[in-house]
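K.L.:
There's a structure below that I have some questions on.
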Amino acid sequence: MSTEISGQDRAPDPAPEPPPSSGFDIGPYRLEPLRPSLPVLALAPMAGVANWAFRLVCARLETRLVGVEFVNAKVVGHRSHRIDRLLDYSDAEVYAETGMSVLAAQIYGNEPELIALGARALQERGAQIVDINFGCSVPLVTRKGSCAAYLKDLDRLYEAVRATVEAVDVPVTVKTRIGWDDDTINIVEVVQRAQDAGARAIAVHARTVVQRYSGQARWEWIARAREAARIPVLGNGDVRTCEHALAMVEQTGCDGVMIGRAAIANPWIFSGRNGAPLAERVDLAIELLQLMARFRGERVGVLETRKHLALYFRCLGKQSPVRLRILTTDSLEELLDFLRGWRADLPDDVDEDLSLTGAEAASLAWSGTG
Ligand SMILES: Cc1cc2nc3c(=O)[nH]c(=O)nc-3n(C[C@H](O)[C@H](O)[C@H](O)COP(=O)(O)O)c2cc1C
């Protein structure tokens with residue numbers, strides 16, 4: 001039997017796929033997808049990771065929004081090298097000039113007024129957006145009434161957003177989880193209270209506080225948040241590949257996708273790529289090492305870049321002499337020389353997948369200690 005389908009029987013050409021998102025505004029900032037086939041992608045705020053150097057790399061690779069490591073409102077006024085480093089938002093000047101990205105500095109605190117005051121300091125340091133952390137589940141902070149503790153008292157959450165909106169000129173956004181535990185999922189109410197208080201966007205890590213990083217992110221709650229919101233919703237949780245990002249938009253209708261752990265292993269995800277050829281990974285390793293050396297000094301810079309290098313080169317195998325050399329060389333100069341020499345012999349061939357497995361992502365979950 002012929003399998004040919006006559007012109008009449010043939011299904012009509014499918015309508016062109018609508019773009020997952022045509023972009024959205026956060027205050028004066030227009031965030032557009034890199035390509036029509038990609039969602040707007042954002043780097044998640046990550047303590048110990050989303051520092052000045054890593055942010056610049058992710059912005060070059062086209063993330064539209066850069067999250068920053070969170071800072072306690074209590075310490076923003078302190079003068080120390082550590083605080084100066086945490087509040088070094090000088091990369092925002094690059095983004096403002098090039099329009100490549102927007103920097104959302106993040107604050108947390110146990111008093112609404114304290115958050116508002118701290119937010120003003122962040123704005124003075126150059127933050128283009130101030131994001132309030134209502135999502136961190138680490139007991140050390142929630143026990144003191146900060147971060148996700150606000151999910152238990154939405155009047156206080158409202159007050160914190162409202163006071164902050166009044167205190168700063170830049171847009172205020174919110175990052176949160178879906179609720180405290182399975183019996184008290186209140187993300188829809190959180191969205192409503194945050195937007196009523198003047199928040200300009202909300203990022204939703206689709207887990208409860210009690211869940212921490214366990215189980216799967218429950219994207220259905222992102223969809224519920226999207227339905228309830230008049231402001232842009234960024235979905236977050238368990239996006240490890242470009243396909244996951246597209247699936248999140250398709251399943252939830254979210255306006256943008258925020259990516260955390262996957263970006264530690266594969267910052268190319270912001271360019272819509274699940275990996276990169278070895279030669280390009282070496283180039284990026286060199287770039288990140290040089291930026292980290294400027295940011296942290298040579299010795300600490302090398303040490304702190306290792307977690308990224310271990311992931312960029314994990315395809316070589318744990319016992320690979322090259323990988324071991326990269327992960328054990330302390331001297332910046334020696335390491336750069338080695339990488340440049342190795343690079344010279346590498347072909348610029350096809351992308352190798354750098355996507356995290358579920359187990360690898362789980363191993364990068366944040367315990368609040370580093
Ligand atoms: C190392 C690390 C540090 C984090 N620090 C912060 C932070 O400072 N502020 C915040 O809102 N979330 C923080 N998070 C949570 C992430 O922003 C994100 O919500 C979470 O990792 C889920 O997204 P993912 O599945 O894409 O990683 C951190 C996560 C990790 C892995």
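By order of appearance in the structure tokens: chains A, B, ..., then residues from 1 within every chain, and ligands from 1 in the order shown.
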Mind checking which residues fall within 12 Å of range 346-361 of chain A, counting only C-alpha atoms, ignoring those fewer than 6 positions away in the same chain, and posting them as a compact mmCIF listing (two decimals) with N, CA and C atoms, in the first residue's frame?
P.N.:
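Resulting contents of out.txt:
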# COMPACT_ATOMS: atom_id res chain seq x y z
N TYR A 213 16.25 21.41 48.40
CA TYR A 213 16.55 21.08 47.00
C TYR A 213 16.08 19.68 46.63
N SER A 214 15.33 19.05 47.52
CA SER A 214 14.99 17.65 47.27
C SER A 214 13.82 17.54 46.28
N GLY A 215 13.65 16.35 45.76
CA GLY A 215 12.54 16.10 44.82
C GLY A 215 12.69 16.97 43.58
N GLN A 216 11.58 17.02 42.84
CA GLN A 216 11.58 17.81 41.60
C GLN A 216 10.99 19.18 41.86
N ALA A 217 11.46 20.18 41.09
CA ALA A 217 10.77 21.47 41.13
C ALA A 217 9.38 21.27 40.55
N GLY A 237 14.10 26.48 38.70
CA GLY A 237 14.18 25.18 39.34
C GLY A 237 14.32 24.04 38.36
N ASP A 238 15.51 23.40 38.39
CA ASP A 238 15.77 22.18 37.63
C ASP A 238 15.85 22.38 36.13
N VAL A 239 16.17 23.56 35.66
CA VAL A 239 16.43 23.73 34.23
C VAL A 239 17.92 23.42 34.02
N ARG A 240 18.18 22.28 33.37
CA ARG A 240 19.56 21.85 33.17
C ARG A 240 20.00 21.90 31.72
N THR A 241 19.03 22.07 30.81
CA THR A 241 19.36 22.13 29.38
C THR A 241 18.50 23.22 28.73
N CYS A 242 18.86 23.56 27.50
CA CYS A 242 18.06 24.54 26.75
C CYS A 242 16.65 23.99 26.53
N GLU A 243 16.56 22.69 26.32
CA GLU A 243 15.24 22.07 26.09
C GLU A 243 14.37 22.19 27.35
N HIS A 244 15.01 22.04 28.53
CA HIS A 244 14.24 22.22 29.76
C HIS A 244 13.70 23.64 29.84
N ILE A 259 18.23 30.50 35.67
CA ILE A 259 19.05 29.28 35.70
C ILE A 259 20.17 29.44 36.73
N GLY A 260 20.26 28.46 37.64
CA GLY A 260 21.29 28.50 38.67
C GLY A 260 22.38 27.49 38.42
N ARG A 261 22.21 26.30 39.01
CA ARG A 261 23.30 25.32 39.02
C ARG A 261 23.80 24.95 37.62
N ALA A 262 22.90 24.86 36.66
CA ALA A 262 23.33 24.46 35.31
C ALA A 262 24.35 25.44 34.74
N ALA A 263 24.24 26.70 35.16
CA ALA A 263 25.17 27.71 34.61
C ALA A 263 26.57 27.57 35.19
N ILE A 264 26.67 26.94 36.36
CA ILE A 264 28.01 26.75 36.95
C ILE A 264 28.81 25.81 36.04
N ALA A 265 28.12 24.79 35.52
CA ALA A 265 28.78 23.82 34.64
C ALA A 265 28.79 24.27 33.19
N ASN A 266 27.76 25.00 32.80
CA ASN A 266 27.61 25.34 31.38
C ASN A 266 27.05 26.76 31.18
N PRO A 267 27.94 27.76 31.29
CA PRO A 267 27.44 29.13 31.09
C PRO A 267 26.98 29.38 29.65
N TRP A 268 27.33 28.48 28.73
CA TRP A 268 26.89 28.62 27.32
C TRP A 268 25.38 28.42 27.22
N ILE A 269 24.77 27.92 28.27
CA ILE A 269 23.32 27.73 28.23
C ILE A 269 22.62 29.05 27.91
N GLY A 272 22.00 29.56 24.41
CA GLY A 272 21.15 28.54 23.79
C GLY A 272 21.93 27.30 23.39
N ARG A 273 23.03 27.04 24.11
CA ARG A 273 23.86 25.86 23.77
C ARG A 273 24.02 24.98 25.00
N ASN A 274 23.95 23.67 24.78
CA ASN A 274 24.09 22.74 25.91
C ASN A 274 25.54 22.39 26.21
N GLY A 275 26.45 23.03 25.51
CA GLY A 275 27.86 22.76 25.78
C GLY A 275 28.72 23.54 24.81
N ALA A 276 29.98 23.13 24.73
CA ALA A 276 30.92 23.84 23.87
C ALA A 276 32.07 22.90 23.54
N PRO A 277 32.78 23.14 22.42
CA PRO A 277 33.96 22.32 22.12
C PRO A 277 35.04 22.54 23.18
N LEU A 278 35.93 21.55 23.29
CA LEU A 278 36.99 21.62 24.29
C LEU A 278 37.79 22.92 24.17
N ALA A 279 38.12 23.30 22.92
CA ALA A 279 38.96 24.50 22.73
C ALA A 279 38.26 25.73 23.31
N GLU A 280 36.97 25.83 23.10
CA GLU A 280 36.23 26.99 23.61
C GLU A 280 36.14 26.96 25.15
N ARG A 281 36.09 25.74 25.68
CA ARG A 281 36.05 25.63 27.14
C ARG A 281 37.38 26.08 27.74
N VAL A 282 38.47 25.77 27.02
CA VAL A 282 39.78 26.23 27.51
C VAL A 282 39.83 27.75 27.46
N ASP A 283 39.34 28.33 26.37
CA ASP A 283 39.33 29.80 26.26
C ASP A 283 38.54 30.42 27.41
N HIS A 308 34.35 25.55 38.82
CA HIS A 308 33.90 25.65 37.42
C HIS A 308 34.76 24.76 36.52
N LEU A 309 36.08 24.83 36.73
CA LEU A 309 36.99 24.07 35.85
C LEU A 309 36.71 22.57 35.96
N ALA A 310 36.44 22.12 37.19
CA ALA A 310 36.16 20.68 37.39
C ALA A 310 34.98 20.27 36.52
N LEU A 311 34.01 21.16 36.38
CA LEU A 311 32.81 20.83 35.60
C LEU A 311 33.04 21.02 34.10
N TYR A 312 33.80 22.04 33.70
CA TYR A 312 34.05 22.24 32.26
C TYR A 312 34.82 21.05 31.67
N PHE A 313 35.68 20.46 32.52
CA PHE A 313 36.56 19.41 31.98
C PHE A 313 36.23 18.03 32.53
N ARG A 314 35.03 17.85 33.07
CA ARG A 314 34.71 16.55 33.66
C ARG A 314 34.59 15.46 32.60
N CYS A 315 34.32 15.86 31.33
CA CYS A 315 34.22 14.85 30.27
C CYS A 315 35.56 14.13 30.05
N LEU A 316 36.66 14.73 30.52
CA LEU A 316 37.96 14.08 30.31
C LEU A 316 38.12 12.85 31.19
N LEU A 339 47.28 25.92 30.09
CA LEU A 339 46.04 25.93 29.30
C LEU A 339 46.31 26.45 27.89
N ARG A 340 47.15 27.48 27.79
CA ARG A 340 47.43 28.05 26.45
C ARG A 340 48.17 27.03 25.58
K.L.:
Which residues sit within 7 Å of ligand 1, counting only C-alpha atoms and all ligand atoms, listed as an MDAnalysis selection string?
P.N.:
chainID A and resid 44:49 68:70 106 133 135:136 175 205 236:240 258:262 364:366
K.L.:
Please give the complete set of residues from range 39-236 of chain A that DSSP, run on the backbone, assigns to helix (DSSP H, G or I), formatted as an NGL selection string.
P.N.:
:A and (52-60 or 73-75 or 81-86 or 91-98 or 112-124 or 139-142 or 147-152 or 154-167 or 182-184 or 187-196 or 220-228)
K.L.:
Okay, now the selection with C-alpha atoms, as a tab-separated table (two decimals), in the first residue's frame?
P.N.:
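To be explicit, this is the file written out as selection18.tsv:
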chain	number	residue	atom	x	y	z
A	52	TRP	CA	31.71	40.09	39.54
A	53	ALA	CA	33.88	37.75	37.42
A	54	PHE	CA	31.31	35.03	36.79
A	55	ARG	CA	28.61	37.59	36.07
A	56	LEU	CA	30.75	39.19	33.36
A	57	VAL	CA	31.28	35.82	31.72
A	58	CYS	CA	27.56	34.98	31.80
A	59	ALA	CA	26.68	38.42	30.42
A	60	ARG	CA	29.15	37.98	27.57
A	73	ALA	CA	20.95	44.27	54.89
A	74	LYS	CA	22.67	44.48	58.29
A	75	VAL	CA	26.14	44.51	56.80
A	81	HIS	CA	37.22	44.13	51.89
A	82	ARG	CA	34.62	41.37	52.03
A	83	ILE	CA	31.67	43.75	51.88
A	84	ASP	CA	33.33	45.87	49.20
A	85	ARG	CA	33.76	42.73	47.14
A	86	LEU	CA	30.18	41.59	47.68
A	91	ASP	CA	30.08	45.28	36.00
A	92	ALA	CA	26.70	47.07	35.81
A	93	GLU	CA	28.52	49.94	34.07
A	94	VAL	CA	29.49	47.55	31.29
A	95	TYR	CA	25.92	46.33	30.99
A	96	ALA	CA	24.55	49.88	30.95
A	97	GLU	CA	26.98	50.82	28.17
A	98	THR	CA	26.43	47.78	26.00
A	112	PRO	CA	11.27	45.48	56.33
A	113	GLU	CA	12.82	48.86	57.18
A	114	LEU	CA	16.28	47.33	57.29
A	115	ILE	CA	15.78	45.85	53.81
A	116	ALA	CA	14.61	49.23	52.50
A	117	LEU	CA	17.61	51.05	53.94
A	118	GLY	CA	19.99	48.40	52.66
A	119	ALA	CA	18.38	48.54	49.23
A	120	ARG	CA	19.23	52.23	49.03
A	121	ALA	CA	22.88	51.38	49.69
A	122	LEU	CA	22.76	48.77	46.91
A	123	GLN	CA	21.34	51.36	44.54
A	124	GLU	CA	24.13	53.78	45.48
A	139	PRO	CA	17.75	27.56	58.65
A	140	LEU	CA	20.54	29.93	59.68
A	141	VAL	CA	18.66	32.79	57.98
A	142	THR	CA	15.03	31.68	58.27
A	147	CYS	CA	14.39	35.28	53.53
A	148	ALA	CA	11.79	32.48	53.25
A	149	ALA	CA	10.55	33.23	56.79
A	150	TYR	CA	8.48	36.01	55.19
A	151	LEU	CA	6.34	33.34	53.48
A	152	LYS	CA	4.77	32.76	56.90
A	154	LEU	CA	2.60	38.01	54.03
A	155	ASP	CA	1.78	41.33	55.71
A	156	ARG	CA	5.45	41.60	56.61
A	157	LEU	CA	6.40	40.56	53.06
A	158	TYR	CA	4.11	43.26	51.67
A	159	GLU	CA	5.61	45.80	54.05
A	160	ALA	CA	9.18	44.88	53.04
A	161	VAL	CA	8.43	45.29	49.32
A	162	ARG	CA	6.47	48.51	49.82
A	163	ALA	CA	9.15	50.11	52.03
A	164	THR	CA	11.84	49.14	49.54
A	165	VAL	CA	9.91	50.47	46.55
A	166	GLU	CA	9.56	53.76	48.39
A	167	ALA	CA	13.24	53.85	49.34
A	182	ASP	CA	3.07	21.20	51.18
A	183	ASP	CA	0.20	22.26	53.45
A	184	THR	CA	0.86	25.97	53.09
A	187	ILE	CA	2.65	31.38	45.92
A	188	VAL	CA	-0.49	32.85	44.35
A	189	GLU	CA	-1.03	35.08	47.37
A	190	VAL	CA	2.66	35.94	47.48
A	191	VAL	CA	2.53	37.08	43.86
A	192	GLN	CA	-0.54	39.21	44.56
A	193	ARG	CA	0.90	40.82	47.68
A	194	ALA	CA	4.29	41.46	46.05
A	195	GLN	CA	2.82	43.09	42.96
A	196	ASP	CA	0.34	45.14	45.02
A	220	GLU	CA	2.79	23.60	37.84
A	221	TRP	CA	3.05	26.25	40.59
A	222	ILE	CA	4.94	28.54	38.23
A	223	ALA	CA	1.94	28.26	35.92
A	224	ARG	CA	-0.37	29.19	38.81
A	225	ALA	CA	1.86	32.14	39.65
A	226	ARG	CA	1.83	33.25	36.01
A	227	GLU	CA	-1.97	33.12	35.89
A	228	ALA	CA	-2.21	35.29	38.99
K.L.:
Quick one: everything within 9 Å of Ser146 in chain A, counting only C-alpha atoms, minus sequence neighbours fewer than 6 positions away in the same chain. Send it as a PyMOL selection string.
P.N.:
chain A and resi 108-111+133-134+136
K.L.:
Just want the 8 Å neighbourhood of Ser22 in chain A, counted on only C-alpha atoms, with same-chain residues fewer than 4 positions away dropped. Output as a PyMOL selection string.
P.N.:
chain A and resi 32-33+36+39
K.L.:
Could you write out the selected residues, including N, CA and C atoms, as a short mmCIF file (atom, residue, chain, number, x, y, z; two decimals), in the first residue's frame?
P.N.:
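Here's the written file again-v4.cif:
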data_model
loop_
_atom_site.label_atom_id
_atom_site.label_comp_id
_atom_site.auth_asym_id
_atom_site.auth_seq_id
_atom_site.Cartn_x
_atom_site.Cartn_y
_atom_site.Cartn_z
N GLU A 32 14.82 41.10 26.19
CA GLU A 32 14.35 40.35 25.03
C GLU A 32 15.13 39.05 24.90
N PRO A 33 14.50 38.02 24.33
CA PRO A 33 15.26 36.78 24.14
C PRO A 33 16.37 36.99 23.13
N PRO A 36 14.43 34.39 18.70
CA PRO A 36 13.00 34.16 18.90
C PRO A 36 12.70 32.76 19.43
N PRO A 39 13.76 31.38 25.25
CA PRO A 39 13.14 32.26 26.25
C PRO A 39 14.14 33.32 26.70
#
K.L.:
Using Å and a single decimal, report how far CA of Thr173 in chain A sits from CA of Ala104 in chain A.
P.N.:
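CA of Thr173 in chain A lies at a distance of 8.3 Å from CA of Ala104 in chain A.
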